[in-house]
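Undergrad: To be precise about what I am sending: the file is called query_17.cif and holds mmCIF, C-alpha atoms.
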```
data_work
loop_
_atom_site.group_PDB
_atom_site.id
_atom_site.type_symbol
_atom_site.label_atom_id
_atom_site.label_comp_id
_atom_site.auth_asym_id
_atom_site.auth_seq_id
_atom_site.Cartn_x
_atom_site.Cartn_y
_atom_site.Cartn_z
ATOM 1 C CA MET A 8 -42.857 -80.406 139.525
ATOM 2 C CA THR A 9 -45.200 -83.244 138.528
ATOM 3 C CA ASN A 10 -44.327 -85.917 135.979
ATOM 4 C CA PHE A 11 -44.741 -89.553 134.951
ATOM 5 C CA ILE A 12 -42.132 -92.179 135.889
ATOM 6 C CA PRO A 13 -41.887 -95.962 135.416
ATOM 7 C CA ILE A 14 -41.934 -97.732 138.771
ATOM 8 C CA PHE A 15 -40.161 -100.788 140.147
ATOM 9 C CA PRO A 16 -41.815 -101.623 143.512
ATOM 10 C CA LEU A 17 -39.436 -103.456 145.860
ATOM 11 C CA GLY A 18 -39.449 -104.607 149.477
ATOM 12 C CA ILE A 19 -36.665 -102.175 150.366
ATOM 13 C CA VAL A 20 -36.185 -98.481 151.099
ATOM 14 C CA VAL A 21 -33.697 -96.613 148.916
ATOM 15 C CA TYR A 22 -32.277 -93.255 150.011
ATOM 16 C CA PRO A 23 -31.012 -90.374 147.849
ATOM 17 C CA GLY A 24 -27.318 -90.829 147.159
ATOM 18 C CA GLU A 25 -27.438 -94.569 147.861
ATOM 19 C CA GLN A 26 -25.609 -96.915 145.482
ATOM 20 C CA LEU A 27 -27.813 -99.961 144.873
ATOM 21 C CA ASN A 28 -26.959 -103.127 142.929
ATOM 22 C CA LEU A 29 -29.932 -105.005 141.467
ATOM 23 C CA HIS A 30 -30.304 -108.413 139.824
ATOM 24 C CA ILE A 31 -33.071 -108.129 137.233
ATOM 25 C CA PHE A 32 -34.883 -111.273 136.094
ATOM 26 C CA GLU A 33 -38.605 -110.469 135.612
ATOM 27 C CA PRO A 34 -39.516 -109.627 131.973
ATOM 28 C CA ARG A 35 -41.330 -106.396 132.909
ATOM 29 C CA TYR A 36 -38.358 -105.047 134.833
ATOM 30 C CA LYS A 37 -35.857 -106.186 132.210
ATOM 31 C CA GLN A 38 -37.869 -104.020 129.798
ATOM 32 C CA LEU A 39 -37.965 -101.119 132.275
ATOM 33 C CA ILE A 40 -34.222 -101.172 132.984
ATOM 34 C CA LYS A 41 -33.241 -101.449 129.322
ATOM 35 C CA GLU A 42 -35.483 -98.548 128.310
ATOM 36 C CA CYS A 43 -34.341 -96.336 131.203
ATOM 37 C CA PHE A 44 -30.684 -97.085 130.475
ATOM 38 C CA GLU A 45 -31.015 -96.416 126.739
ATOM 39 C CA THR A 46 -33.026 -93.187 127.188
ATOM 40 C CA LYS A 47 -31.058 -92.088 130.292
ATOM 41 C CA LYS A 48 -34.353 -91.589 132.125
ATOM 42 C CA PRO A 49 -34.841 -92.438 135.823
ATOM 43 C CA PHE A 50 -37.417 -94.743 137.392
ATOM 44 C CA GLY A 51 -39.020 -94.902 140.835
ATOM 45 C CA ILE A 52 -38.641 -97.449 143.622
ATOM 46 C CA PRO A 53 -41.641 -97.253 145.972
ATOM 47 C CA PRO A 54 -41.192 -99.552 149.006
ATOM 48 C CA VAL A 55 -43.540 -102.532 149.318
ATOM 49 C CA ILE A 56 -44.423 -103.143 152.966
ATOM 50 C CA ASP A 57 -47.007 -105.749 154.026
ATOM 51 C CA ASN A 58 -47.861 -106.330 150.337
ATOM 52 C CA LYS A 59 -48.740 -102.647 149.874
ATOM 53 C CA ILE A 60 -47.022 -100.211 147.509
ATOM 54 C CA ASN A 61 -46.362 -97.075 149.532
ATOM 55 C CA GLU A 62 -46.807 -93.537 148.246
ATOM 56 C CA THR A 63 -43.363 -92.178 149.092
ATOM 57 C CA GLY A 64 -40.441 -93.568 147.123
ATOM 58 C CA THR A 65 -37.070 -92.703 145.633
ATOM 59 C CA LEU A 66 -36.223 -91.715 142.080
ATOM 60 C CA VAL A 67 -33.328 -93.859 140.829
ATOM 61 C CA LYS A 68 -31.046 -93.735 137.790
ATOM 62 C CA VAL A 69 -29.309 -96.657 136.080
ATOM 63 C CA ILE A 70 -25.567 -96.042 136.173
ATOM 64 C CA GLU A 71 -24.411 -99.225 134.464
ATOM 65 C CA ILE A 72 -25.563 -102.628 133.259
ATOM 66 C CA THR A 73 -22.616 -104.601 134.613
ATOM 67 C CA THR A 74 -23.641 -108.045 133.346
ATOM 68 C CA GLU A 75 -26.210 -109.194 130.800
ATOM 69 C CA TYR A 76 -26.800 -112.945 130.790
ATOM 70 C CA ASP A 77 -27.799 -115.153 127.845
ATOM 71 C CA ASP A 78 -31.349 -115.489 129.187
ATOM 72 C CA GLY A 79 -31.776 -111.702 129.410
ATOM 73 C CA LYS A 80 -31.219 -111.389 133.149
ATOM 74 C CA MET A 81 -29.098 -108.427 134.209
ATOM 75 C CA ASP A 82 -26.941 -107.129 137.028
ATOM 76 C CA VAL A 83 -27.195 -103.345 137.224
ATOM 77 C CA LYS A 84 -25.770 -100.503 139.277
ATOM 78 C CA THR A 85 -28.174 -97.746 140.260
ATOM 79 C CA GLU A 86 -28.096 -94.607 142.374
ATOM 80 C CA GLY A 87 -30.856 -92.918 144.397
ATOM 81 C CA LEU A 88 -31.608 -89.346 143.306
ATOM 82 C CA GLU A 89 -34.499 -87.748 145.214
ATOM 83 C CA VAL A 90 -37.659 -88.532 147.140
ATOM 84 C CA PHE A 91 -41.004 -88.526 145.314
ATOM 85 C CA SER A 92 -44.631 -88.694 146.385
ATOM 86 C CA THR A 93 -47.119 -90.726 144.302
ATOM 87 C CA LEU A 94 -50.235 -88.904 143.136
ATOM 88 C CA GLU A 95 -51.623 -91.717 140.970
ATOM 89 C CA LEU A 96 -50.580 -95.276 140.154
ATOM 90 C CA ILE A 97 -50.983 -96.380 136.527
ATOM 91 C CA ASN A 98 -51.033 -100.163 136.456
ATOM 92 C CA GLN A 99 -51.337 -100.644 132.696
ATOM 93 C CA LEU A 100 -49.322 -98.740 130.112
ATOM 94 C CA PRO A 101 -49.676 -99.116 126.324
ATOM 95 C CA GLU A 102 -47.129 -101.643 124.985
ATOM 96 C CA LYS A 103 -45.345 -101.801 128.344
ATOM 97 C CA LEU A 104 -45.030 -104.717 130.756
ATOM 98 C CA TYR A 105 -44.261 -102.484 133.748
ATOM 99 C CA SER A 106 -46.392 -99.997 135.679
ATOM 100 C CA GLY A 107 -45.928 -96.277 136.214
ATOM 101 C CA ALA A 108 -46.989 -93.392 138.401
ATOM 102 C CA ILE A 109 -47.717 -89.696 138.319
ATOM 103 C CA VAL A 110 -45.493 -88.192 141.011
ATOM 104 C CA ASN A 111 -44.300 -84.924 142.468
ATOM 105 C CA TYR A 112 -41.172 -84.061 144.432
ATOM 106 C CA PRO A 113 -41.653 -82.539 147.904
ATOM 107 C CA ALA A 114 -39.151 -79.908 149.012
ATOM 108 C CA ASN A 115 -36.408 -81.702 150.928
ATOM 109 C CA ILE A 116 -34.240 -79.632 153.277
ATOM 110 C CA GLU A 117 -30.882 -81.395 153.438
ATOM 111 C CA THR A 118 -29.080 -79.053 155.876
ATOM 112 C CA GLY A 119 -28.891 -80.422 159.410
ATOM 113 C CA ASN A 120 -26.946 -80.050 162.642
ATOM 114 C CA ARG A 121 -23.333 -81.157 162.230
ATOM 115 C CA VAL A 122 -22.743 -81.640 165.994
ATOM 116 C CA LEU A 123 -25.885 -83.767 166.299
ATOM 117 C CA MET A 124 -24.769 -85.797 163.285
ATOM 118 C CA GLN A 125 -21.416 -86.514 164.951
ATOM 119 C CA THR A 126 -23.295 -87.757 168.028
ATOM 120 C CA ILE A 127 -25.379 -90.070 165.831
ATOM 121 C CA VAL A 128 -22.290 -91.472 164.067
ATOM 122 C CA ILE A 129 -20.612 -92.163 167.436
ATOM 123 C CA ALA A 130 -23.772 -93.925 168.642
ATOM 124 C CA ILE A 131 -23.939 -96.073 165.484
ATOM 125 C CA ARG A 132 -20.306 -97.094 165.946
ATOM 126 C CA GLU A 133 -21.143 -98.026 169.552
ATOM 127 C CA LEU A 134 -24.067 -100.126 168.294
ATOM 128 C CA HIS A 135 -21.796 -101.890 165.795
ATOM 129 C CA LYS A 136 -19.224 -102.554 168.521
ATOM 130 C CA LEU A 137 -21.891 -104.175 170.704
ATOM 131 C CA LEU A 138 -23.069 -106.269 167.754
ATOM 132 C CA LYS A 139 -19.449 -107.144 166.854
ATOM 133 C CA ILE A 140 -19.833 -105.971 163.261
ATOM 134 C CA ASN A 141 -17.686 -103.670 161.156
ATOM 135 C CA LYS A 142 -19.257 -101.285 158.650
ATOM 136 C CA ASP A 143 -17.633 -98.840 156.259
ATOM 137 C CA PHE A 144 -19.598 -95.627 155.630
ATOM 138 C CA LYS A 145 -17.543 -94.931 152.449
ATOM 139 C CA LYS A 146 -17.309 -91.242 153.428
ATOM 140 C CA PRO A 147 -15.355 -89.276 156.040
ATOM 141 C CA ASP A 148 -17.386 -88.818 159.246
ATOM 142 C CA GLU A 149 -17.587 -85.047 158.718
ATOM 143 C CA GLU A 150 -19.385 -85.580 155.381
ATOM 144 C CA LEU A 151 -22.034 -88.012 156.662
ATOM 145 C CA TRP A 152 -25.724 -87.121 156.880
ATOM 146 C CA SER A 153 -28.797 -89.161 157.813
ATOM 147 C CA TYR A 154 -29.287 -90.829 154.417
ATOM 148 C CA ASP A 155 -25.678 -92.078 154.528
ATOM 149 C CA VAL A 156 -26.072 -93.906 157.850
ATOM 150 C CA ALA A 157 -29.764 -94.859 158.043
ATOM 151 C CA HIS A 158 -29.224 -98.420 156.765
ATOM 152 C CA HIS A 159 -26.509 -98.904 159.422
ATOM 153 C CA ALA A 160 -28.633 -97.904 162.424
ATOM 154 C CA GLY A 161 -30.622 -101.140 162.847
ATOM 155 C CA LEU A 162 -33.951 -99.702 161.688
ATOM 156 C CA SER A 163 -36.771 -102.023 160.639
ATOM 157 C CA LEU A 164 -38.165 -101.671 157.100
ATOM 158 C CA THR A 165 -41.127 -99.715 158.464
ATOM 159 C CA GLU A 166 -38.798 -97.398 160.404
ATOM 160 C CA GLU A 167 -36.622 -96.871 157.323
ATOM 161 C CA TYR A 168 -39.773 -95.880 155.429
ATOM 162 C CA GLU A 169 -40.819 -93.481 158.198
ATOM 163 C CA LEU A 170 -37.414 -91.806 157.917
ATOM 164 C CA LEU A 171 -37.799 -91.571 154.121
ATOM 165 C CA GLN A 172 -41.032 -89.625 154.639
ATOM 166 C CA LEU A 173 -39.275 -86.940 156.716
ATOM 167 C CA MET A 174 -38.479 -83.972 154.480
ATOM 168 C CA HIS A 175 -36.077 -82.126 156.773
ATOM 169 C CA GLU A 176 -32.579 -83.299 157.725
ATOM 170 C CA LEU A 177 -33.040 -82.154 161.329
ATOM 171 C CA GLN A 178 -36.157 -84.342 161.625
ATOM 172 C CA ARG A 179 -34.248 -87.314 160.229
ATOM 173 C CA GLN A 180 -31.392 -86.716 162.664
ATOM 174 C CA GLU A 181 -33.769 -86.551 165.633
ATOM 175 C CA TYR A 182 -35.463 -89.764 164.452
ATOM 176 C CA LEU A 183 -32.118 -91.594 164.350
ATOM 177 C CA LYS A 184 -31.064 -90.135 167.697
ATOM 178 C CA ARG A 185 -34.279 -91.354 169.409
ATOM 179 C CA HIS A 186 -33.969 -94.804 167.811
ATOM 180 C CA LEU A 187 -30.359 -95.277 168.901
ATOM 181 C CA LYS A 188 -31.087 -93.980 172.406
ATOM 182 C CA LYS A 189 -33.779 -96.647 172.689
ATOM 183 C CA VAL A 190 -31.976 -99.573 171.088
ATOM 184 C CA ILE A 191 -28.390 -99.329 172.406
ATOM 185 C CA PRO A 192 -29.260 -99.944 176.114
ATOM 186 C CA VAL A 193 -31.324 -102.989 175.062
ATOM 187 C CA ILE A 194 -28.409 -104.453 173.058
ATOM 188 C CA ALA A 195 -25.969 -103.665 175.890
ATOM 189 C CA GLU A 196 -28.211 -105.470 178.396
ATOM 190 C CA MET A 197 -28.460 -108.450 176.048
ATOM 191 C CA GLU A 198 -24.657 -108.632 175.887
ATOM 192 C CA THR A 199 -24.473 -108.554 179.692
ATOM 193 C CA LEU A 200 -27.097 -111.304 179.879
ATOM 194 C CA LYS A 201 -25.175 -113.349 177.313
ATOM 195 C CA GLU A 202 -22.004 -113.070 179.423
ATOM 196 C CA ARG A 203 -23.901 -114.174 182.546
ATOM 197 C CA VAL A 204 -25.358 -117.184 180.731
ATOM 198 C CA GLN A 205 -21.926 -118.177 179.399
ATOM 199 C CA LEU A 206 -20.480 -118.058 182.928
ATOM 200 C CA ASN A 207 -23.204 -120.299 184.295
ATOM 201 C CA GLY A 208 -21.905 -123.827 184.937
ATOM 202 C CA HIS A 209 -18.221 -122.851 184.879
ATOM 203 C CA PHE A 210 -15.875 -122.854 187.869
ATOM 204 C CA LYS A 211 -15.691 -119.368 189.302
ATOM 205 C CA ASN A 212 -12.861 -117.738 191.224
ATOM 206 C CA LEU A 213 -14.672 -116.194 194.169
ATOM 207 C CA LYS A 214 -13.004 -114.514 197.111
ATOM 208 C CA GLY A 215 -14.711 -114.805 200.483
ATOM 209 C CA LEU A 216 -14.787 -112.124 203.181
ATOM 210 C CA ASP A 217 -11.762 -112.314 205.484
ATOM 211 C CA SER A 218 -13.988 -111.733 208.522
ATOM 212 C CA LEU A 219 -15.937 -114.952 207.980
#
```
Could you write out this structure as structure tokens?
TA:
Amino acid sequence: MTNFIPIFPLGIVVYPGEQLNLHIFEPRYKQLIKECFETKKPFGIPPVIDNKINETGTLVKVIEITTEYDDGKMDVKTEGLEVFSTLELINQLPEKLYSGAIVNYPANIETGNRVLMQTIVIAIRELHKLLKINKDFKKPDEELWSYDVAHHAGLSLTEEYELLQLMHELQRQEYLKRHLKKVIPVIAEMETLKERVQLNGHFKNLKGLDSL
């Protein structure tokens, strides 16, 4: 399917199913959000990376305008729906402040390997333990898939975008698995180094060899 959507380029990656809170203050996006909320139509968030609007993005719906301030600024709740691919950007629209795009929706296979997913979740919890942070996935472990945990895996913005471009859950799982396999040993070594540095300069209890 191909259609036109309003777009709200942002320096973030949004995944399908993700709950996203936005603070809206620019006039063009205040207009966009109000129109989408009133007409119950979705809009697109294409990630901006290195000042470039990328082709792959996520269709998003406005769930609620939680706060509307006197100056027109808004706090809104949104939810990611599905991944789109941009065919054409339309920078100027009649009587609109915002831009739009002609997009289509690539087939996205969301069935993956449950055992592999459990391995990924365990690895992410190990990463969090090393980093001394506590994250809530908001779902039971057996219901988690790649989109649910991607923001918790320590990916860079570019890596998050690369994952968004993968249209098969198994590919996304393998991407996360490779990333975690690479990053966890580095973090673990940094923790060991940190402990060694902290010990330096302190009195140490050392036991000598009895034979000396």
Undergrad: Restricting the calculation to all atoms listed in the file: of A:Glu133, A:Asp57, A:Glu198, A:Asp78, which residue gets closest to Lys37 (chain A)?
TA: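 The shortest atom-to-atom distance to Lys37 (chain A) comes from A:Asp78.
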Undergrad: Could you jot down the CA of Glu149 (chain A) to CA of Leu88 (chain A) separation for me, Å, one decimal place?
TA: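 So the two atoms, CA of Glu149 (chain A) and CA of Leu88 (chain A), lie 21.3 Å apart.
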Undergrad: What's around region 121-132 of chain A at 9 Å? Count only C-alpha atoms, leave out sequence neighbours fewer than 5 positions away in its own chain, and write the answer as a list of chain:residue names.
TA: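 What passes the distance filter is A:Leu137, A:Asn141, A:Lys142, A:Asp148, A:Glu149, A:Leu151, A:Trp152, A:Ser153, A:Val156, A:His159, A:Ala160, A:Gly161, A:Leu177, A:Gln180, A:Glu181, A:Leu183, A:Lys184, A:Leu187, A:Lys188, A:Ile191.
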Undergrad: Keeping only C-alpha atoms, take the residues you just selected and write them out as an mmCIF file, in the coordinates of the input.
TA:
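So the final result, stored in part-v4.cif, reads:
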```
data_model
loop_
_atom_site.group_PDB
_atom_site.id
_atom_site.type_symbol
_atom_site.label_atom_id
_atom_site.label_comp_id
_atom_site.auth_asym_id
_atom_site.auth_seq_id
_atom_site.Cartn_x
_atom_site.Cartn_y
_atom_site.Cartn_z
ATOM 1 C CA LEU A 137 -21.891 -104.175 170.704
ATOM 2 C CA ASN A 141 -17.686 -103.670 161.156
ATOM 3 C CA LYS A 142 -19.257 -101.285 158.650
ATOM 4 C CA ASP A 148 -17.386 -88.818 159.246
ATOM 5 C CA GLU A 149 -17.587 -85.047 158.718
ATOM 6 C CA LEU A 151 -22.034 -88.012 156.662
ATOM 7 C CA TRP A 152 -25.724 -87.121 156.880
ATOM 8 C CA SER A 153 -28.797 -89.161 157.813
ATOM 9 C CA VAL A 156 -26.072 -93.906 157.850
ATOM 10 C CA HIS A 159 -26.509 -98.904 159.422
ATOM 11 C CA ALA A 160 -28.633 -97.904 162.424
ATOM 12 C CA GLY A 161 -30.622 -101.140 162.847
ATOM 13 C CA LEU A 177 -33.040 -82.154 161.329
ATOM 14 C CA GLN A 180 -31.392 -86.716 162.664
ATOM 15 C CA GLU A 181 -33.769 -86.551 165.633
ATOM 16 C CA LEU A 183 -32.118 -91.594 164.350
ATOM 17 C CA LYS A 184 -31.064 -90.135 167.697
ATOM 18 C CA LEU A 187 -30.359 -95.277 168.901
ATOM 19 C CA LYS A 188 -31.087 -93.980 172.406
ATOM 20 C CA ILE A 191 -28.390 -99.329 172.406
#
```
Undergrad: Have a look at A:Ile70, A:Ile97, A:Leu134, A:Val193 and name the one nearest to Glu25 (chain A); count only C-alpha atoms.
TA: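 Ranked by minimum distance to Glu25 (chain A), first place goes to A:Ile70.
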Undergrad: Please report the interatomic distance between CA of Ala114 (chain A) and CA of Glu89 (chain A) in Å with one decimal.
TA: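 Answer for the CA of Ala114 (chain A) to CA of Glu89 (chain A) separation: 9.9 Å.
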Undergrad: Considering all atoms listed in the file, can you say which of A:Leu162, A:Leu104, A:Leu94, A:Lys139 comes closest to Lys189 (chain A)?
TA: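 Selected residue with least distance to Lys189 (chain A): A:Leu162.
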Undergrad: Name the residues that the PyMOL selection byres ((chain A and resi 166-176) around 8) pulls out of this structure, and write them as an MDAnalysis selection string.
TA: chainID A and resid 20 22 54 63:64 90 113:119 152:153 157:158 162:165 177:180 182
Undergrad: If you count all atoms listed in the file, which residues fall within 6 Å of region 79-83 of chain A, apart from same-chain ones fewer than 5 positions away, as a list of chain:residue names?
TA: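 Here the answer would be A:Asn28, A:Leu29, A:His30, A:Ile31, A:Phe32, A:Glu71, A:Ile72, A:Thr73, A:Thr74.
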Undergrad: As a ChimeraX atom specification, please: the residues near Ser92 (chain A) (cut-off 6 Å, all atoms listed in the file, same-chain neighbours under 6 positions excluded).
TA: /A:62-63,110-111
Undergrad: Under the rule that all atoms listed in the file are counted, which of A:Gly51, A:Val190, A:Met8, A:Asn58 is the nearest residue to His135 (chain A)?
TA: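 Nearest to His135 (chain A): A:Val190.
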Undergrad: If you measure from CA of Ile60 (chain A) to CA of Leu27 (chain A), what distance in Å do you get, rounded to one decimal?
TA: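 According to the coordinates, CA of Ile60 (chain A) and CA of Leu27 (chain A) are separated by 19.4 Å.
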Undergrad: Give the centre and edge lengths of an axis-aligned box, in Å to one decimal, that holds all listed atoms of region 46-65 of chain A with 6 Å on each side, as AutoDock Vina command-line options.
TA:
```
--center_x -39.9 --center_y -99.0 --center_z 140.6 --size_x 29.7 --size_y 26.7 --size_z 38.8
```
Undergrad: Identify which of the residues A:Leu39, A:Ile14, A:Ile19, A:Leu100 lies closest to Leu66 (chain A), counting all atoms listed in the file when measuring atom-to-atom distances.
TA: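 Among A:Leu39, A:Ile14, A:Ile19, A:Leu100, it is A:Ile14 that comes nearest to Leu66 (chain A).
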Undergrad: Between A:Ile56, A:Val69, A:Ile12, A:Leu17, which residue has the minimum interatomic distance to Glu95 (chain A), considering only C-alpha atoms?
TA: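 Answer, going by the shortest atom-to-atom distance: A:Ile12.
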Undergrad: If you count all atoms listed in the file, which residues fall within 9 Å of Asn98 (chain A), apart from same-chain ones fewer than 6 positions away, as a list in words?
TA: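 Result of the neighbour search: Tyr105, Ser106, Gly107 and Ala108 of chain A.
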